[in-house]
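The data block below is structure.pdb; it holds PDB, C-alpha atoms.
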MODEL        1
ATOM      1  CA  ARG A  19      12.409  -5.466   3.180
ATOM      2  CA  GLY A  20      12.835  -9.024   4.347
ATOM      3  CA  PRO A  21      13.092 -12.249   2.343
ATOM      4  CA  ALA A  22      10.532 -12.898  -0.404
ATOM      5  CA  THR A  23       9.112 -15.821   1.574
ATOM      6  CA  GLU A  24       8.000 -13.548   4.450
ATOM      7  CA  PRO A  25       5.071 -11.104   4.466
ATOM      8  CA  THR A  26       6.030  -7.474   4.018
ATOM      9  CA  VAL A  27       5.887  -5.278   7.116
ATOM     10  CA  ILE A  28       6.141  -1.564   7.886
ATOM     11  CA  ARG A  29       9.433  -0.491   9.453
ATOM     12  CA  SER A  30      10.914   2.928  10.179
ATOM     13  CA  ALA A  31      14.137   4.787   9.480
ATOM     14  CA  VAL A  32      15.741   8.039  10.652
ATOM     15  CA  SER A  33      17.799  10.646   8.832
ATOM     16  CA  THR A  34      19.627  13.840   9.680
ATOM     17  CA  ASP A  35      19.680  15.115   6.093
ATOM     18  CA  MET A  36      16.599  13.499   4.439
ATOM     19  CA  ILE A  37      18.953  11.767   1.974
ATOM     20  CA  ASN A  38      20.786   9.131   4.007
ATOM     21  CA  TRP A  39      18.583   6.852   6.123
ATOM     22  CA  GLU A  40      19.234   4.273   8.839
ATOM     23  CA  HIS A  41      16.677   1.582   9.702
ATOM     24  CA  GLU A  42      15.453   1.598  13.271
ATOM     25  CA  ASP A  43      15.094  -1.670  15.160
ATOM     26  CA  GLY A  44      11.694  -3.324  15.255
ATOM     27  CA  ILE A  45       8.565  -3.602  13.189
ATOM     28  CA  ARG A  46       6.103  -0.709  13.355
ATOM     29  CA  LEU A  47       3.105  -2.490  11.807
ATOM     30  CA  GLN A  48       2.401  -5.975  10.496
ATOM     31  CA  GLY A  49      -0.657  -7.977   9.584
ATOM     32  CA  PHE A  50      -2.753  -9.555   6.871
ATOM     33  CA  ASP A  51      -0.478 -11.400   4.403
ATOM     34  CA  GLY A  52       1.713  -8.310   4.139
ATOM     35  CA  LEU A  53       1.527  -4.532   4.351
ATOM     36  CA  GLY A  54       3.217  -1.939   2.141
ATOM     37  CA  GLY A  55       3.146   1.511   0.602
ATOM     38  CA  PRO A  56       2.978   3.400   3.924
ATOM     39  CA  ARG A  57       1.817   7.021   3.999
ATOM     40  CA  TYR A  58       2.129   8.831   7.357
ATOM     41  CA  LEU A  59      -0.250  11.680   8.132
ATOM     42  CA  PRO A  60      -0.137  13.830  11.323
ATOM     43  CA  LEU A  61      -3.624  14.504  12.702
ATOM     44  CA  PRO A  62      -4.911  17.293  14.946
ATOM     45  CA  GLY A  63      -4.546  16.504  18.651
ATOM     46  CA  GLY A  64      -1.105  14.882  18.519
ATOM     47  CA  ARG A  65      -1.964  11.527  16.941
ATOM     48  CA  SER A  66      -1.064  10.365  13.438
ATOM     49  CA  ARG A  67      -2.551   7.907  10.969
ATOM     50  CA  LEU A  68      -0.668   5.536   8.717
ATOM     51  CA  TYR A  69      -2.409   4.527   5.501
ATOM     52  CA  CYS A  70      -1.011   1.467   3.702
ATOM     53  CA  PHE A  71      -2.099  -1.429   1.540
ATOM     54  CA  ALA A  72      -2.911  -4.844   2.996
ATOM     55  CA  SER A  73      -2.362  -7.950   0.869
ATOM     56  CA  LYS A  74      -4.405 -11.138   1.217
ATOM     57  CA  PHE A  75      -3.378 -14.409  -0.466
ATOM     58  CA  ASP A  76      -5.436 -17.488  -1.288
ATOM     59  CA  SER A  77      -5.466 -20.581   0.911
ATOM     60  CA  THR A  78      -2.155 -21.848  -0.493
ATOM     61  CA  GLY A  79      -0.470 -18.944   1.272
ATOM     62  CA  LEU A  80       2.143 -16.326   0.577
ATOM     63  CA  GLN A  81       4.915 -18.553  -0.693
ATOM     64  CA  ASP A  82       3.014 -20.464  -3.404
ATOM     65  CA  GLY A  83      -0.329 -18.698  -3.513
ATOM     66  CA  SER A  84      -1.903 -15.943  -5.520
ATOM     67  CA  ARG A  85      -2.800 -12.541  -4.143
ATOM     68  CA  VAL A  86      -6.582 -12.271  -4.015
ATOM     69  CA  SER A  87      -6.855  -8.777  -2.581
ATOM     70  CA  GLN A  88      -4.801  -5.656  -1.988
ATOM     71  CA  SER A  89      -6.783  -2.879  -0.332
ATOM     72  CA  VAL A  90      -6.085   0.227   1.765
ATOM     73  CA  VAL A  91      -6.148   0.007   5.571
ATOM     74  CA  SER A  92      -5.029   2.390   8.330
ATOM     75  CA  ALA A  93      -3.489   2.447  11.797
ATOM     76  CA  LEU A  94      -3.205   5.100  14.507
ATOM     77  CA  THR A  95      -0.245   6.141  16.641
ATOM     78  CA  SER A  96       0.421   8.680  19.359
ATOM     79  CA  ASP A  97       4.200   8.269  19.414
ATOM     80  CA  GLY A  98       5.120   7.457  15.785
ATOM     81  CA  LEU A  99       6.539   4.083  16.820
ATOM     82  CA  THR A 100       3.636   2.017  18.145
ATOM     83  CA  PHE A 101       0.643   1.613  15.812
ATOM     84  CA  GLU A 102      -2.793   0.116  16.333
ATOM     85  CA  MET A 103      -4.671  -1.130  13.280
ATOM     86  CA  GLU A 104      -8.061   0.513  12.797
ATOM     87  CA  PRO A 105     -10.968  -1.822  12.017
ATOM     88  CA  GLY A 106     -12.137  -2.285   8.447
ATOM     89  CA  TYR A 107     -10.793  -1.078   5.141
ATOM     90  CA  ARG A 108     -10.404   2.508   3.954
ATOM     91  CA  MET A 109     -10.606   1.554   0.245
ATOM     92  CA  ARG A 110     -11.399  -1.917  -1.120
ATOM     93  CA  ASP A 111     -10.012  -3.240  -4.391
ATOM     94  CA  LYS A 112     -12.129  -4.790  -7.141
ATOM     95  CA  GLN A 113     -14.801  -2.107  -6.785
ATOM     96  CA  ALA A 114     -14.419  -0.517 -10.229
ATOM     97  CA  ASP A 115     -13.156  -1.208 -13.722
ATOM     98  CA  TYR A 116      -9.398  -1.608 -13.985
ATOM     99  CA  ASP A 117      -8.589  -2.473 -10.356
ATOM    100  CA  ASP A 118      -8.756  -6.245 -10.522
ATOM    101  CA  ILE A 119      -5.382  -6.884  -8.831
ATOM    102  CA  GLY A 120      -5.216  -4.290  -6.105
ATOM    103  CA  ILE A 121      -4.651  -0.784  -4.863
ATOM    104  CA  THR A 122      -1.369   0.831  -3.795
ATOM    105  CA  ALA A 123       0.076   4.231  -2.924
ATOM    106  CA  ALA A 124      -2.875   5.805  -1.096
ATOM    107  CA  GLU A 125      -1.745   9.378  -0.460
ATOM    108  CA  VAL A 126      -4.230  11.205   1.776
ATOM    109  CA  ILE A 127      -4.570  14.986   1.920
ATOM    110  CA  PRO A 128      -6.505  16.431   4.874
ATOM    111  CA  PRO A 129      -9.001  19.251   4.317
ATOM    112  CA  ARG A 130      -7.637  22.795   4.217
ATOM    113  CA  THR A 131     -10.664  24.263   5.923
ATOM    114  CA  GLU A 132     -13.222  22.815   8.299
ATOM    115  CA  GLY A 133     -16.130  21.206   6.481
ATOM    116  CA  ASP A 134     -14.126  20.350   3.353
ATOM    117  CA  ASP A 135     -13.559  16.747   2.301
ATOM    118  CA  TRP A 136     -10.382  14.760   2.725
ATOM    119  CA  SER A 137      -8.787  13.713  -0.599
ATOM    120  CA  MET A 138      -7.062  10.441  -1.515
ATOM    121  CA  VAL A 139      -4.898   9.867  -4.567
ATOM    122  CA  PHE A 140      -4.377   6.143  -5.163
ATOM    123  CA  SER A 141      -3.112   3.722  -7.769
ATOM    124  CA  ALA A 142      -5.359   0.893  -8.962
ATOM    125  CA  TRP A 143      -3.787  -2.003 -10.858
ATOM    126  CA  GLN A 144      -5.191  -3.938 -13.807
ATOM    127  CA  GLY A 145      -4.034  -7.486 -14.507
ATOM    128  CA  VAL A 146      -2.127  -8.612 -17.584
ATOM    129  CA  SER A 147      -3.777  -9.901 -20.742
ATOM    130  CA  PRO A 148      -4.303 -13.677 -20.884
ATOM    131  CA  GLY A 149      -1.214 -15.524 -22.117
ATOM    132  CA  THR A 150       1.261 -12.854 -20.953
ATOM    133  CA  ASP A 151       4.513 -14.275 -19.555
ATOM    134  CA  VAL A 152       5.148 -12.456 -16.276
ATOM    135  CA  PRO A 153       8.436 -12.942 -14.367
ATOM    136  CA  VAL A 154       7.989 -13.853 -10.684
ATOM    137  CA  HIS A 155       7.899 -10.712  -8.535
ATOM    138  CA  PRO A 156      10.524 -10.858  -5.758
ATOM    139  CA  SER A 157       7.946 -10.096  -3.052
ATOM    140  CA  GLY A 158       5.841 -13.096  -4.017
ATOM    141  CA  GLY A 159       8.452 -15.598  -5.141
ATOM    142  CA  THR A 160       8.446 -19.329  -4.853
ATOM    143  CA  GLY A 161      10.876 -19.363  -1.952
ATOM    144  CA  SER A 162      13.663 -20.955  -3.987
ATOM    145  CA  ALA A 163      17.277 -20.148  -3.289
ATOM    146  CA  ALA A 164      17.313 -18.008  -6.439
ATOM    147  CA  ASP A 165      14.395 -15.915  -5.163
ATOM    148  CA  GLU A 166      15.866 -15.359  -1.721
ATOM    149  CA  GLY A 167      19.313 -14.638  -3.124
ATOM    150  CA  SER A 168      18.098 -11.931  -5.493
ATOM    151  CA  VAL A 169      20.462  -9.045  -4.889
ATOM    152  CA  ASP A 170      18.655  -6.554  -7.089
ATOM    153  CA  PHE A 171      15.096  -6.385  -5.749
ATOM    154  CA  ALA A 172      14.335  -3.231  -7.766
ATOM    155  CA  THR A 173      15.325  -4.734 -11.132
ATOM    156  CA  ALA A 174      13.355  -7.945 -10.524
ATOM    157  CA  SER A 175      10.351  -5.939  -9.292
ATOM    158  CA  ILE A 176      10.345  -3.613 -12.306
ATOM    159  CA  ALA A 177      10.701  -6.538 -14.746
ATOM    160  CA  SER A 178       7.579  -8.092 -13.252
ATOM    161  CA  ASP A 179       5.641  -4.816 -13.043
ATOM    162  CA  ILE A 180       6.227  -3.808 -16.679
ATOM    163  CA  ALA A 181       5.332  -7.236 -18.053
ATOM    164  CA  GLY A 182       1.836  -6.079 -18.947
ATOM    165  CA  TYR A 183       0.245  -4.774 -15.758
ATOM    166  CA  ARG A 184      -1.327  -1.358 -15.977
ATOM    167  CA  SER A 185      -1.840   1.207 -13.268
ATOM    168  CA  ARG A 186      -4.085   4.243 -13.290
ATOM    169  CA  ILE A 187      -4.259   7.055 -10.752
ATOM    170  CA  TYR A 188      -7.637   7.752  -9.130
ATOM    171  CA  MET A 189      -9.169  10.208  -6.673
ATOM    172  CA  ALA A 190     -11.483   9.577  -3.757
ATOM    173  CA  TYR A 191     -13.058  11.878  -1.171
ATOM    174  CA  SER A 192     -14.089  11.441   2.450
ATOM    175  CA  PRO A 193     -15.790  13.548   5.122
ATOM    176  CA  ASP A 194     -13.643  11.976   7.884
ATOM    177  CA  GLY A 195     -10.587  10.200   6.385
ATOM    178  CA  MET A 196     -12.148   6.805   7.092
ATOM    179  CA  GLU A 197     -15.074   6.222   4.691
ATOM    180  CA  TRP A 198     -14.207   7.018   1.079
ATOM    181  CA  ARG A 199     -16.171   7.528  -2.152
ATOM    182  CA  ARG A 200     -14.398   7.129  -5.475
ATOM    183  CA  ALA A 201     -14.388  10.109  -7.821
ATOM    184  CA  GLY A 202     -12.825   8.700 -10.978
ATOM    185  CA  CYS A 203      -9.579   8.388 -12.871
ATOM    186  CA  ILE A 204      -7.240  11.400 -12.981
ATOM    187  CA  VAL A 205      -4.238   9.876 -14.841
ATOM    188  CA  ASP A 206      -4.677   7.225 -17.533
ATOM    189  CA  GLY A 207      -2.132   6.401 -20.156
TER
ENDMDL
END
Any chance you could put this one into structure tokens?
Amino acid sequence: RGPATEPTVIRSAVSTDMINWEHEDGIRLQGFDGLGGPRYLPLPGGRSRLYCFASKFDSTGLQDGSRVSQSVVSALTSDGLTFEMEPGYRMRDKQADYDDIGITAAEVIPPRTEGDDWSMVFSAWQGVSPGTDVPVHPSGGTGSAADEGSVDFATASIASDIAGYRSRIYMAYSPDGMEWRRAGCIVDG
């Protein structure tokens, strides 16, 4: 996680005990106006796919702008360190009720047997009611010294997220892990 004035990127970390992690040098994947929520999936044949969300901001940009889209994209790797973005989107936002501000956390489950569909569990976010006072989220701050100096990213993020946004968990299915059809809400409340 870099400063709030910079787009988010995908990095990597290593661990010997799955509890304590050390960041590795370098950026694994970057693009759009920020990427986040990575989900790594080994594929048959030695390659792997990374699903993540891609943010797009309006013409005023990341620092002062508004996010206009947050949809799921993917990238391929053969070594787990170097990724190449795949063309297009895996799941677009604003395609159904209650996902007017984006999609996150796209967890993909490959088929158990040949011929079965791939499954995706994802979170779609609904905006706040008009007139709601929402604190600035640290990943989309104004770039002021106060934003960049925020020591507690988690607290500031949660304060913004619980200010009236609502997330629901949905399912989608795909014959190939690339083109997805929505199947409805599985957790609402």
| Within 6 Å of region 139-144 of chain A using all atoms listed in the file, minus same-chain residues under 3 positions, as JSON, numbers by chain | {"A": [116, 117, 118, 119, 120, 121, 122, 123, 124, 125, 183, 184, 185, 186, 187, 188, 189]}
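Closest approach to Asp76 (chain A) among A:Asp51, A:Pro193, A:Thr100, A:Pro60: A:Asp51, based on only C-alpha atoms.
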| When you draw a straight line from CA of Asp135 (chain A) to CA of Met196 (chain A), how long is it in Å? | 11.1 Å
Taking all atoms of region 55-67 of chain A that appear in the file, build a box with edges along x, y and z, extend it by 3 Å on every side, and state its centre and edge lengths in Å to one decimal, as lines of an AutoDock Vina configuration file.
center_x = -0.9
center_y = 9.4
center_z = 9.6
size_x = 14.1
size_y = 21.8
size_z = 24.0
Closest-contact table, region 84-152 of chain A side, partner region 25-37 of chain A, 12 Å, counting all atoms listed in the file, as a Markdown table:
| residue | atom | partner | partner_atom | distance |
| --- | --- | --- | --- | --- |
| A:Arg85 | CA | A:Pro25 | CA | 11.8 |
| A:Ser92 | CA | A:Ile28 | CA | 11.9 |
| A:Ala93 | CA | A:Ile28 | CA | 11.1 |
| A:Gly98 | CA | A:Ser30 | CA | 9.2 |
| A:Leu99 | CA | A:Ser30 | CA | 8.0 |
| A:Thr100 | CA | A:Arg29 | CA | 10.7 |
| A:Phe101 | CA | A:Ile28 | CA | 10.2 |
| query | At what distance in Å, to one decimal, does CA of Tyr107 (chain A) lie from CA of Glu24 (chain A)? | reply | 22.6 Å
| task | Please indicate the distance in Å from CA of Val154 (chain A) to CA of Ser178 (chain A), rounded to one decimal place. | result |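 Between CA of Val154 (chain A) and CA of Ser178 (chain A) the gap is 6.3 Å.
Evaluated on this file, the PyMOL selection byres ((chain A and resi 201) around 10) matches A:Ser137, A:Met138, A:Tyr188, A:Met189, A:Ala190, A:Tyr191, A:Trp198, A:Arg199, A:Arg200, A:Gly202, A:Cys203, A:Ile204.
Comparing the minimum interatomic distances between Pro105 (chain A) and each of A:Glu197, A:Glu132, A:Asp151, A:Asp170, counting only C-alpha atoms, we find that A:Glu197 sits nearest.
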| message | Need to verify the contact set: Cys70 (chain A), 7 Å, only C-alpha atoms, exclusion of same-chain residues closer than 6 positions in sequence. Can you return it as a list in words? | response |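 That gives Leu53, Gly54, Gly55, Pro56, Arg57, Val90, Val91, Ser92 and Ala124 of chain A.
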| request: Counting all atoms listed in the file, write as a PyMOL selection string all protein and nucleic acid residues lying at most 12 Å from (0.8, 1.3, 18.9) in the file's frame. | output: chain A and resi 45-48+65-68+93-104
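Minimum distance to Gly52 (chain A) across A:Lys74, A:Ser147, A:Tyr69, A:Trp39 (counting all atoms listed in the file) occurs at A:Lys74.
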| Selection: 9 Å around Ala177 (chain A), all atoms listed in the file, excl. self and same-chain fewer than 5 positions, as a PyMOL selection string | chain A and resi 152-155+172
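In this comparison, which uses only C-alpha atoms, the residue of A:Gln113, A:Asn38, A:Ser192, A:Ser77 approaching Ser89 (chain A) most closely is A:Gln113.
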Complete region 170-194 of chain A at the level of N, CA, C and O atoms, written as a CSV table (one decimal), in the coordinates of the input.
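This went into result.csv:
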chain,number,residue,atom,x,y,z
A,170,ASP,N,19.2,-7.8,-6.5
A,170,ASP,CA,18.7,-6.6,-7.1
A,170,ASP,C,17.1,-6.6,-7.1
A,170,ASP,O,16.5,-6.9,-8.1
A,171,PHE,N,16.5,-6.3,-5.9
A,171,PHE,CA,15.1,-6.4,-5.7
A,171,PHE,C,14.4,-5.4,-6.7
A,171,PHE,O,13.4,-5.8,-7.4
A,172,ALA,N,15.0,-4.2,-6.9
A,172,ALA,CA,14.3,-3.2,-7.8
A,172,ALA,C,14.2,-3.7,-9.2
A,172,ALA,O,13.2,-3.6,-9.8
A,173,THR,N,15.3,-4.3,-9.7
A,173,THR,CA,15.3,-4.7,-11.1
A,173,THR,C,14.3,-5.9,-11.3
A,173,THR,O,13.5,-5.8,-12.3
A,174,ALA,N,14.3,-6.8,-10.4
A,174,ALA,CA,13.4,-7.9,-10.5
A,174,ALA,C,11.9,-7.4,-10.4
A,174,ALA,O,11.0,-7.9,-11.1
A,175,SER,N,11.7,-6.5,-9.5
A,175,SER,CA,10.4,-5.9,-9.3
A,175,SER,C,9.9,-5.2,-10.5
A,175,SER,O,8.7,-5.4,-11.0
A,176,ILE,N,10.7,-4.4,-11.1
A,176,ILE,CA,10.3,-3.6,-12.3
A,176,ILE,C,10.1,-4.5,-13.5
A,176,ILE,O,9.1,-4.4,-14.2
A,177,ALA,N,10.9,-5.6,-13.7
A,177,ALA,CA,10.7,-6.5,-14.7
A,177,ALA,C,9.3,-7.2,-14.7
A,177,ALA,O,8.6,-7.4,-15.7
A,178,SER,N,8.9,-7.5,-13.4
A,178,SER,CA,7.6,-8.1,-13.3
A,178,SER,C,6.5,-7.1,-13.5
A,178,SER,O,5.5,-7.3,-14.2
A,179,ASP,N,6.7,-5.9,-12.9
A,179,ASP,CA,5.6,-4.8,-13.0
A,179,ASP,C,5.4,-4.3,-14.5
A,179,ASP,O,4.3,-4.0,-14.8
A,180,ILE,N,6.4,-4.3,-15.3
A,180,ILE,CA,6.2,-3.8,-16.7
A,180,ILE,C,5.9,-4.9,-17.7
A,180,ILE,O,5.9,-4.7,-18.9
A,181,ALA,N,5.6,-6.1,-17.2
A,181,ALA,CA,5.3,-7.2,-18.1
A,181,ALA,C,3.9,-7.2,-18.6
A,181,ALA,O,3.5,-8.1,-19.3
A,182,GLY,N,3.2,-6.2,-18.4
A,182,GLY,CA,1.8,-6.1,-18.9
A,182,GLY,C,0.8,-5.6,-18.0
A,182,GLY,O,-0.4,-5.4,-18.3
A,183,TYR,N,1.2,-5.4,-16.7
A,183,TYR,CA,0.2,-4.8,-15.8
A,183,TYR,C,0.1,-3.3,-16.1
A,183,TYR,O,0.9,-2.7,-16.7
A,184,ARG,N,-1.1,-2.8,-15.7
A,184,ARG,CA,-1.3,-1.4,-16.0
A,184,ARG,C,-1.9,-0.7,-14.7
A,184,ARG,O,-2.8,-1.2,-14.1
A,185,SER,N,-1.4,0.5,-14.4
A,185,SER,CA,-1.8,1.2,-13.3
A,185,SER,C,-2.4,2.5,-13.7
A,185,SER,O,-1.9,3.2,-14.7
A,186,ARG,N,-3.5,2.9,-13.1
A,186,ARG,CA,-4.1,4.2,-13.3
A,186,ARG,C,-4.2,5.0,-11.9
A,186,ARG,O,-4.3,4.3,-10.9
A,187,ILE,N,-4.2,6.3,-12.0
A,187,ILE,CA,-4.3,7.1,-10.8
A,187,ILE,C,-5.7,7.6,-10.6
A,187,ILE,O,-6.2,8.2,-11.5
A,188,TYR,N,-6.3,7.4,-9.4
A,188,TYR,CA,-7.6,7.8,-9.1
A,188,TYR,C,-7.7,8.7,-8.0
A,188,TYR,O,-6.8,8.8,-7.2
A,189,MET,N,-8.9,9.3,-7.8
A,189,MET,CA,-9.2,10.2,-6.7
A,189,MET,C,-10.3,9.6,-5.9
A,189,MET,O,-11.2,8.9,-6.5
A,190,ALA,N,-10.3,9.9,-4.6
A,190,ALA,CA,-11.5,9.6,-3.8
A,190,ALA,C,-11.6,10.7,-2.7
A,190,ALA,O,-10.6,11.4,-2.5
A,191,TYR,N,-12.8,10.8,-2.2
A,191,TYR,CA,-13.1,11.9,-1.2
A,191,TYR,C,-13.8,11.3,0.0
A,191,TYR,O,-14.5,10.3,-0.1
A,192,SER,N,-13.5,11.9,1.2
A,192,SER,CA,-14.1,11.4,2.4
A,192,SER,C,-14.4,12.6,3.4
A,192,SER,O,-13.7,13.6,3.4
A,193,PRO,N,-15.5,12.5,4.1
A,193,PRO,CA,-15.8,13.5,5.1
A,193,PRO,C,-14.9,13.4,6.4
A,193,PRO,O,-14.8,14.4,7.1
A,194,ASP,N,-14.3,12.2,6.6
A,194,ASP,CA,-13.6,12.0,7.9
A,194,ASP,C,-12.3,11.2,7.8
A,194,ASP,O,-11.7,11.0,8.8
